[in-house]
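**Student:** Sharing start_21.cif below, mmCIF, C-alpha atoms and all ligand atoms:
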data_model
loop_
_atom_site.label_atom_id
_atom_site.label_comp_id
_atom_site.auth_asym_id
_atom_site.auth_seq_id
_atom_site.Cartn_x
_atom_site.Cartn_y
_atom_site.Cartn_z
CA MET A 1 0.94 1.93 27.10
CA SER A 2 0.59 4.09 24.04
CA PHE A 3 -2.00 3.65 21.36
CA PHE A 4 0.51 2.06 19.05
CA GLN A 5 2.06 -0.15 21.68
CA SER A 6 -1.36 -1.51 22.40
CA LEU A 7 -1.70 -2.77 18.87
CA HIS A 8 -0.96 -6.37 18.29
CA LEU A 9 2.10 -6.22 16.19
CA ASN A 10 2.88 -9.84 15.79
CA ASN A 11 1.16 -12.15 13.49
CA ASN A 12 -0.39 -15.18 15.06
CA GLY A 13 2.69 -17.28 14.76
CA ASN A 14 1.50 -19.51 12.04
CA GLY A 15 4.63 -20.37 10.24
CA ALA A 16 3.23 -20.51 6.78
CA ALA A 17 6.01 -20.38 4.30
CA HIS A 18 6.25 -17.19 2.40
CA THR A 19 5.50 -17.69 -1.20
CA ILE A 20 7.48 -15.59 -3.57
CA LYS A 21 5.64 -15.27 -6.80
CA SER A 22 7.69 -15.75 -9.83
CA THR A 23 8.18 -12.39 -11.39
CA ARG A 24 8.22 -13.94 -14.79
CA GLY A 25 4.79 -14.39 -16.18
CA PHE A 26 3.22 -12.28 -13.45
CA ARG A 27 2.15 -9.05 -14.96
CA PRO A 28 0.38 -6.05 -13.59
CA ARG A 29 -2.96 -6.86 -15.03
CA ASP A 30 -6.43 -7.18 -13.62
CA THR A 31 -5.22 -5.51 -10.51
CA THR A 32 -7.92 -3.01 -9.93
CA SER A 33 -10.10 -1.31 -9.38
CA SER A 34 -12.88 0.85 -8.23
CA ASP A 35 -15.20 -1.96 -9.21
CA ALA A 36 -17.02 -2.73 -6.00
CA SER A 37 -17.63 -6.33 -6.94
CA GLN A 38 -14.19 -7.35 -5.83
CA TYR A 39 -15.15 -6.45 -2.28
CA GLN A 40 -18.10 -8.77 -2.12
CA ASN A 41 -16.45 -11.00 0.39
CA PRO A 42 -13.45 -8.98 1.44
CA HIS A 43 -12.80 -10.74 4.73
CA LYS A 44 -12.51 -14.13 3.23
CA GLU A 45 -10.49 -12.74 0.37
CA ILE A 46 -8.00 -10.85 2.49
CA ARG A 47 -7.52 -13.76 4.86
CA GLU A 48 -6.85 -16.14 2.03
CA TYR A 49 -4.60 -13.59 0.44
CA ALA A 50 -2.63 -13.01 3.61
CA GLU A 51 -2.29 -16.69 4.33
CA SER A 52 -1.09 -17.43 0.87
CA THR A 53 1.38 -14.61 0.52
CA LEU A 54 2.53 -13.57 3.98
CA GLY A 55 4.47 -15.72 6.35
CA SER A 56 6.41 -15.25 9.53
CA ASP A 57 8.31 -12.07 10.33
CA SER A 58 11.64 -13.58 9.39
CA ALA A 59 10.20 -14.83 6.13
CA LEU A 60 8.95 -11.32 5.42
CA ALA A 61 12.33 -9.76 6.12
CA GLN A 62 13.98 -12.30 3.86
CA ALA A 63 11.35 -12.17 1.16
CA VAL A 64 11.80 -8.50 0.35
CA LYS A 65 15.44 -8.90 -0.63
CA LEU A 66 16.29 -8.81 -4.28
CA PRO A 67 16.99 -12.37 -5.40
CA LYS A 68 20.25 -13.01 -7.17
CA ASP A 69 19.89 -12.56 -10.91
CA GLU A 70 16.60 -10.72 -10.56
CA ASP A 71 16.14 -7.38 -12.27
CA LEU A 72 15.63 -4.62 -9.71
CA ASN A 73 12.97 -2.75 -11.67
CA GLU A 74 11.07 -5.95 -12.31
CA TRP A 75 11.24 -6.76 -8.59
CA LEU A 76 9.99 -3.27 -7.72
CA ALA A 77 7.19 -3.48 -10.29
CA VAL A 78 5.88 -6.81 -9.07
CA HIS A 79 5.88 -5.64 -5.45
CA ILE A 80 4.20 -2.34 -6.23
CA VAL A 81 1.38 -4.25 -7.91
CA ASP A 82 1.25 -6.61 -4.94
CA PHE A 83 1.08 -3.81 -2.36
CA TYR A 84 -1.46 -1.95 -4.46
CA ASN A 85 -3.66 -5.05 -4.34
CA GLN A 86 -3.13 -5.58 -0.62
CA ILE A 87 -3.97 -1.98 0.22
CA ASN A 88 -6.95 -2.00 -2.11
CA MET A 89 -8.30 -5.07 -0.36
CA LEU A 90 -7.59 -3.81 3.15
CA TYR A 91 -9.12 -0.43 2.45
CA GLY A 92 -12.00 -2.21 0.73
CA THR A 93 -12.91 -3.88 4.01
CA ILE A 94 -13.57 -0.55 5.72
CA THR A 95 -15.04 1.52 2.89
CA GLU A 96 -18.47 1.41 4.53
CA PHE A 97 -16.94 3.26 7.49
CA CYS A 98 -14.92 5.72 5.41
CA SER A 99 -17.17 8.16 3.62
CA PRO A 100 -16.98 11.85 2.73
CA THR A 101 -19.15 12.40 5.82
CA THR A 102 -17.06 10.43 8.30
CA CYS A 103 -13.75 11.44 6.72
CA PRO A 104 -14.16 14.73 4.85
CA ARG A 105 -10.39 15.15 4.69
CA MET A 106 -7.56 12.67 4.06
CA THR A 107 -6.05 12.89 7.50
CA ALA A 108 -3.95 10.76 9.80
CA THR A 109 -4.60 12.14 13.27
CA ALA A 110 -5.42 15.82 13.53
CA GLN A 111 -1.81 16.69 12.81
CA TYR A 112 -1.54 15.37 9.26
CA GLU A 113 -3.63 16.08 6.23
CA TYR A 114 -2.54 14.64 2.90
CA LEU A 115 -3.36 16.83 -0.07
CA TRP A 116 -3.85 15.36 -3.51
CA GLN A 117 -1.74 16.57 -6.36
CA ASP A 118 -1.87 15.30 -9.89
CA PRO A 119 -0.06 17.38 -12.51
CA THR A 120 -2.07 15.66 -15.22
CA MET A 121 -5.35 16.79 -13.74
CA ARG A 122 -6.94 19.79 -15.43
CA ASN A 123 -8.54 22.65 -13.61
CA SER A 124 -11.77 24.31 -14.70
CA SER A 125 -9.97 26.73 -17.01
CA GLY A 126 -8.21 23.89 -18.79
CA GLY A 127 -4.76 24.49 -17.35
CA ALA A 128 -2.67 21.92 -15.55
CA ASN A 129 -3.77 21.72 -11.96
CA LYS A 130 -0.60 21.69 -9.92
CA GLN A 131 -2.09 23.02 -6.73
CA PRO A 132 -2.44 20.35 -4.06
CA ILE A 133 -6.06 20.02 -3.09
CA SER A 134 -7.88 18.84 0.01
CA MET A 135 -10.06 15.82 -0.64
CA SER A 136 -12.17 13.47 1.41
CA ALA A 137 -10.39 10.29 2.44
CA PRO A 138 -12.36 8.06 0.05
CA GLY A 139 -11.91 10.65 -2.69
CA TYR A 140 -8.18 10.71 -2.12
CA VAL A 141 -7.87 6.92 -2.06
CA ASP A 142 -9.93 6.61 -5.21
CA ALA A 143 -7.86 9.27 -7.00
CA LEU A 144 -4.68 7.55 -5.84
CA MET A 145 -5.73 4.11 -7.04
CA VAL A 146 -6.86 5.43 -10.42
CA TRP A 147 -3.62 7.38 -10.76
CA ILE A 148 -1.52 4.29 -10.01
CA GLN A 149 -3.65 2.07 -12.24
CA GLY A 150 -2.91 4.46 -15.08
CA PHE A 151 0.79 3.61 -14.75
CA PHE A 152 0.11 -0.13 -14.60
CA ASP A 153 -1.85 0.18 -17.82
CA ASP A 154 0.91 2.09 -19.57
CA ASP A 155 3.31 -0.28 -21.26
CA MET A 156 5.90 2.45 -21.48
CA ILE A 157 6.01 2.70 -17.68
CA PHE A 158 5.16 -0.80 -16.45
CA PRO A 159 6.26 -2.84 -19.45
CA THR A 160 4.51 -6.15 -19.78
CA LYS A 161 6.61 -7.59 -22.56
CA MET A 162 9.87 -9.35 -21.95
CA GLY A 163 12.85 -7.27 -22.92
CA VAL A 164 11.05 -3.94 -22.93
CA PRO A 165 13.07 -1.63 -20.68
CA PHE A 166 11.65 0.30 -17.78
CA PRO A 167 11.75 4.07 -18.24
CA PRO A 168 14.65 6.02 -16.67
CA GLN A 169 12.33 7.74 -14.19
CA PHE A 170 10.80 4.45 -13.03
CA GLN A 171 12.39 4.36 -9.58
CA THR A 172 11.48 7.98 -8.90
CA LEU A 173 7.89 7.15 -9.76
CA VAL A 174 7.99 4.08 -7.52
CA LYS A 175 9.07 6.28 -4.60
CA THR A 176 6.15 8.63 -5.16
CA ILE A 177 3.73 5.71 -5.38
CA VAL A 178 5.13 4.17 -2.19
CA LYS A 179 4.92 7.47 -0.31
CA ARG A 180 1.29 7.91 -1.33
CA LEU A 181 0.24 4.31 -0.71
CA PHE A 182 1.66 4.60 2.80
CA ARG A 183 -0.84 7.35 3.49
CA VAL A 184 -3.68 4.88 3.11
CA TYR A 185 -2.17 2.79 5.91
CA ALA A 186 -1.78 5.98 7.96
CA HIS A 187 -5.44 6.92 7.50
CA VAL A 188 -6.68 3.41 8.25
CA TYR A 189 -4.53 3.07 11.37
CA CYS A 190 -5.38 6.47 12.74
CA HIS A 191 -9.08 6.57 11.94
CA HIS A 192 -10.34 3.04 11.34
CA PHE A 193 -8.29 0.75 13.52
CA ASP A 194 -11.26 -0.05 15.77
CA GLU A 195 -13.29 -1.17 12.78
CA VAL A 196 -10.39 -3.20 11.42
CA THR A 197 -10.12 -4.88 14.82
CA GLU A 198 -13.84 -5.56 14.96
CA LEU A 199 -13.53 -7.26 11.60
CA GLY A 200 -10.68 -9.36 12.96
CA LEU A 201 -8.28 -8.05 10.35
CA GLN A 202 -5.76 -6.23 12.53
CA VAL A 203 -3.18 -8.98 12.22
CA HIS A 204 -3.42 -8.85 8.45
CA LEU A 205 -3.19 -5.06 8.47
CA ASN A 206 -0.11 -5.18 10.69
CA THR A 207 1.54 -7.87 8.59
CA SER A 208 0.78 -5.99 5.42
CA LEU A 209 2.23 -2.75 6.80
CA LYS A 210 5.30 -4.55 8.04
CA HIS A 211 5.86 -6.18 4.67
CA PHE A 212 5.39 -2.82 2.96
CA VAL A 213 7.80 -0.99 5.26
CA LEU A 214 10.44 -3.73 5.11
CA PHE A 215 10.30 -3.58 1.35
CA ALA A 216 10.34 0.23 1.19
CA LYS A 217 13.30 0.43 3.54
CA GLU A 218 15.19 -2.33 1.74
CA PHE A 219 15.23 -0.22 -1.43
CA ASN A 220 15.24 3.26 0.16
CA LEU A 221 11.82 4.04 -1.24
CA ILE A 222 10.53 5.95 1.77
CA ASN A 223 11.89 8.53 4.19
CA LYS A 224 11.42 8.47 7.92
CA GLN A 225 9.38 11.67 7.84
CA ASP A 226 6.90 9.99 5.50
CA PHE A 227 5.92 7.67 8.35
CA GLY A 228 4.35 10.70 10.04
CA PRO A 229 1.95 9.58 12.76
CA LEU A 230 2.92 5.92 12.26
CA ASP A 231 6.59 6.56 12.99
CA GLU A 232 6.37 5.03 16.46
CA LEU A 233 4.44 2.02 15.20
CA VAL A 234 6.85 1.43 12.34
CA THR A 235 9.88 1.78 14.61
CA THR A 236 8.38 -0.73 17.03
CA MET A 237 7.53 -3.14 14.24
CA LEU A 238 10.99 -3.04 12.76
CA ALA A 239 12.64 -3.47 16.15
CA GLU A 240 10.83 -6.72 16.77
CA LYS A 241 12.82 -9.86 16.82
CA LYS A 242 13.20 -11.07 13.32
ZN ZN A 301 -11.75 7.24 6.64
#
What does the file become when written as structure tokens?
**Tutor:**
Amino acid sequence: MSFFQSLHLNNNGNGAAHTIKSTRGFRPRDTTSSDASQYQNPHKEIREYAESTLGSDSALAQAVKLPKDEDLNEWLAVHIVDFYNQINMLYGTITEFCSPTTCPRMTATAQYEYLWQDPTMRNSSGGANKQPISMSAPGYVDALMVWIQGFFDDDMIFPTKMGVPFPPQFQTLVKTIVKRLFRVYAHVYCHHFDEVTELGLQVHLNTSLKHFVLFAKEFNLINKQDFGPLDELVTTMLAEKK
């Protein structure tokens, strides 16, 4: 049995109905952040969160589909905020195990290292820093979350007012965000799965990943090669009986 096959892929069978938040009135606000206070009781929080928002596998598969009469960009925006929050909370549960000492590079197995690139970041000589750089895992995750939060806070990109259009490049941006958020799952699975299991959160992690992948595939937001070391796990998850 491989490492990934040994993971418990199913949720515990509780058939809690999946709750689809109304996209109207739900805005990407108060979603962050690096404020450690939100992690004061992460286990309780993530359990409650998972129970309230995630249901059975079939509910997940159904829930990602664009509802009739819903605006695609609005649907994407709400889910990106949702996944950002999920990943923030899940990563928040293992931050004590993920330090620049334990994880000096943002890796997923020895075969993959994710380099950080932010064209808006300035280098020491004041020029745009387009060179991808190696960062510690917590440094990368922090940079990623701050980078995404910047878009949530920008009304021109994630409009919060009714009737304000999304920018033309919105879906391209969403793909980049999805690709980068997936890397947090990859790091957690490959380097912190034991700790997640010890915390009893593996079912929530699996359900969250499955939800994320189902959504990303539904709207072609991620490529197979982006699954990297989780390709086998993702394939197994998606092959499960719906
Ligand atoms: Zn780590």
**Student:** Pick the closest to Gln202 in chain A from A:Thr107, A:Ile94, A:Thr102, A:Thr176: which is it, counting all atoms listed in the file?
**Tutor:** A:Ile94
**Student:** Throw together the list of residues within 7 Å of ligand ZN 301 (chain A), counting only C-alpha atoms and all ligand atoms, and drop it here as a list in words.
**Tutor:**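 Selection of residues at most 7 Å from ligand ZN 301 (chain A): Phe97, Cys98, Ser99, Thr102, Cys103, Ala137, Pro138, His187, Val188, His191 and His192 of chain A.
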**Student:** Between A:Gln149, A:Gln86, A:Gln171, A:Thr236, which one has atoms that come closest to Phe219 in chain A, using only C-alpha atoms?
**Tutor:**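 For Phe219 in chain A, the nearest of the given residues is A:Gln171.
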**Student:** From the set A:Ile133, A:Glu74, A:Gly150, A:Ala108, which residue has the shortest atom-to-atom contact distance to Gly228 in chain A, counting all atoms listed in the file?
**Tutor:**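 Once distances to Gly228 in chain A are computed over all atoms listed in the file, the minimum belongs to A:Ala108.
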**Student:** Kindly give the distance, in Å, that separates CA of His204 in chain A and CA of Tyr185 in chain A, rounded to a single decimal.
**Tutor:**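 Going from CA of His204 in chain A over to CA of Tyr185 in chain A, I get 12.0 Å.
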**Student:** Nearest to Phe151 in chain A among A:Ile87, A:Val81, A:Leu115, A:Val196, with distances taken over all atoms listed in the file: which residue is it?
**Tutor:**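 Closest to Phe151 in chain A of all the choices is A:Val81.
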**Student:** Determine the nearest neighbour of Pro159 in chain A from the options A:Val78, A:Ala59, A:Leu181, A:Val64, counting all atoms listed in the file.
**Tutor:**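 Of A:Val78, A:Ala59, A:Leu181, A:Val64, the one nearest Pro159 in chain A, counting all atoms listed in the file, is A:Val78.
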**Student:** List as a list in words the protein and nucleic acid residues near His211 in chain A, meaning an atom at most 8 Å away when only C-alpha atoms are counted, but skip any in the same chain fewer than 3 places from it.
**Tutor:** Leu60, Ala61, Val64, Thr207, Ser208, Leu214 and Phe215 of chain A
**Student:** Within 12 Å of Tyr112 in chain A, counting only C-alpha atoms, which residues show up once you throw out same-chain ones fewer than 2 positions away? Write them as a ChimeraX atom specification, please.
**Tutor:** /A:105-110,114-115,134,183,186-187,190-191,225-230
**Student:** Check the smallest atom-to-atom distance from each of A:Asp142, A:Glu240, A:Asp194, A:Glu232 to Gly92 in chain A using only C-alpha atoms, then report the winner.
**Tutor:**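 When distances to Gly92 in chain A are compared using only C-alpha atoms, the smallest one comes from A:Asp142.
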**Student:** Axis-aligned box over every listed atom of range 165-180 of chain A, padded by 5 Å per side: centre and edges in Å to one decimal, as JSON?
**Tutor:**
{"center_x": 8.0, "center_y": 3.5, "center_z": -10.5, "size_x": 23.4, "size_y": 20.3, "size_z": 30.4}
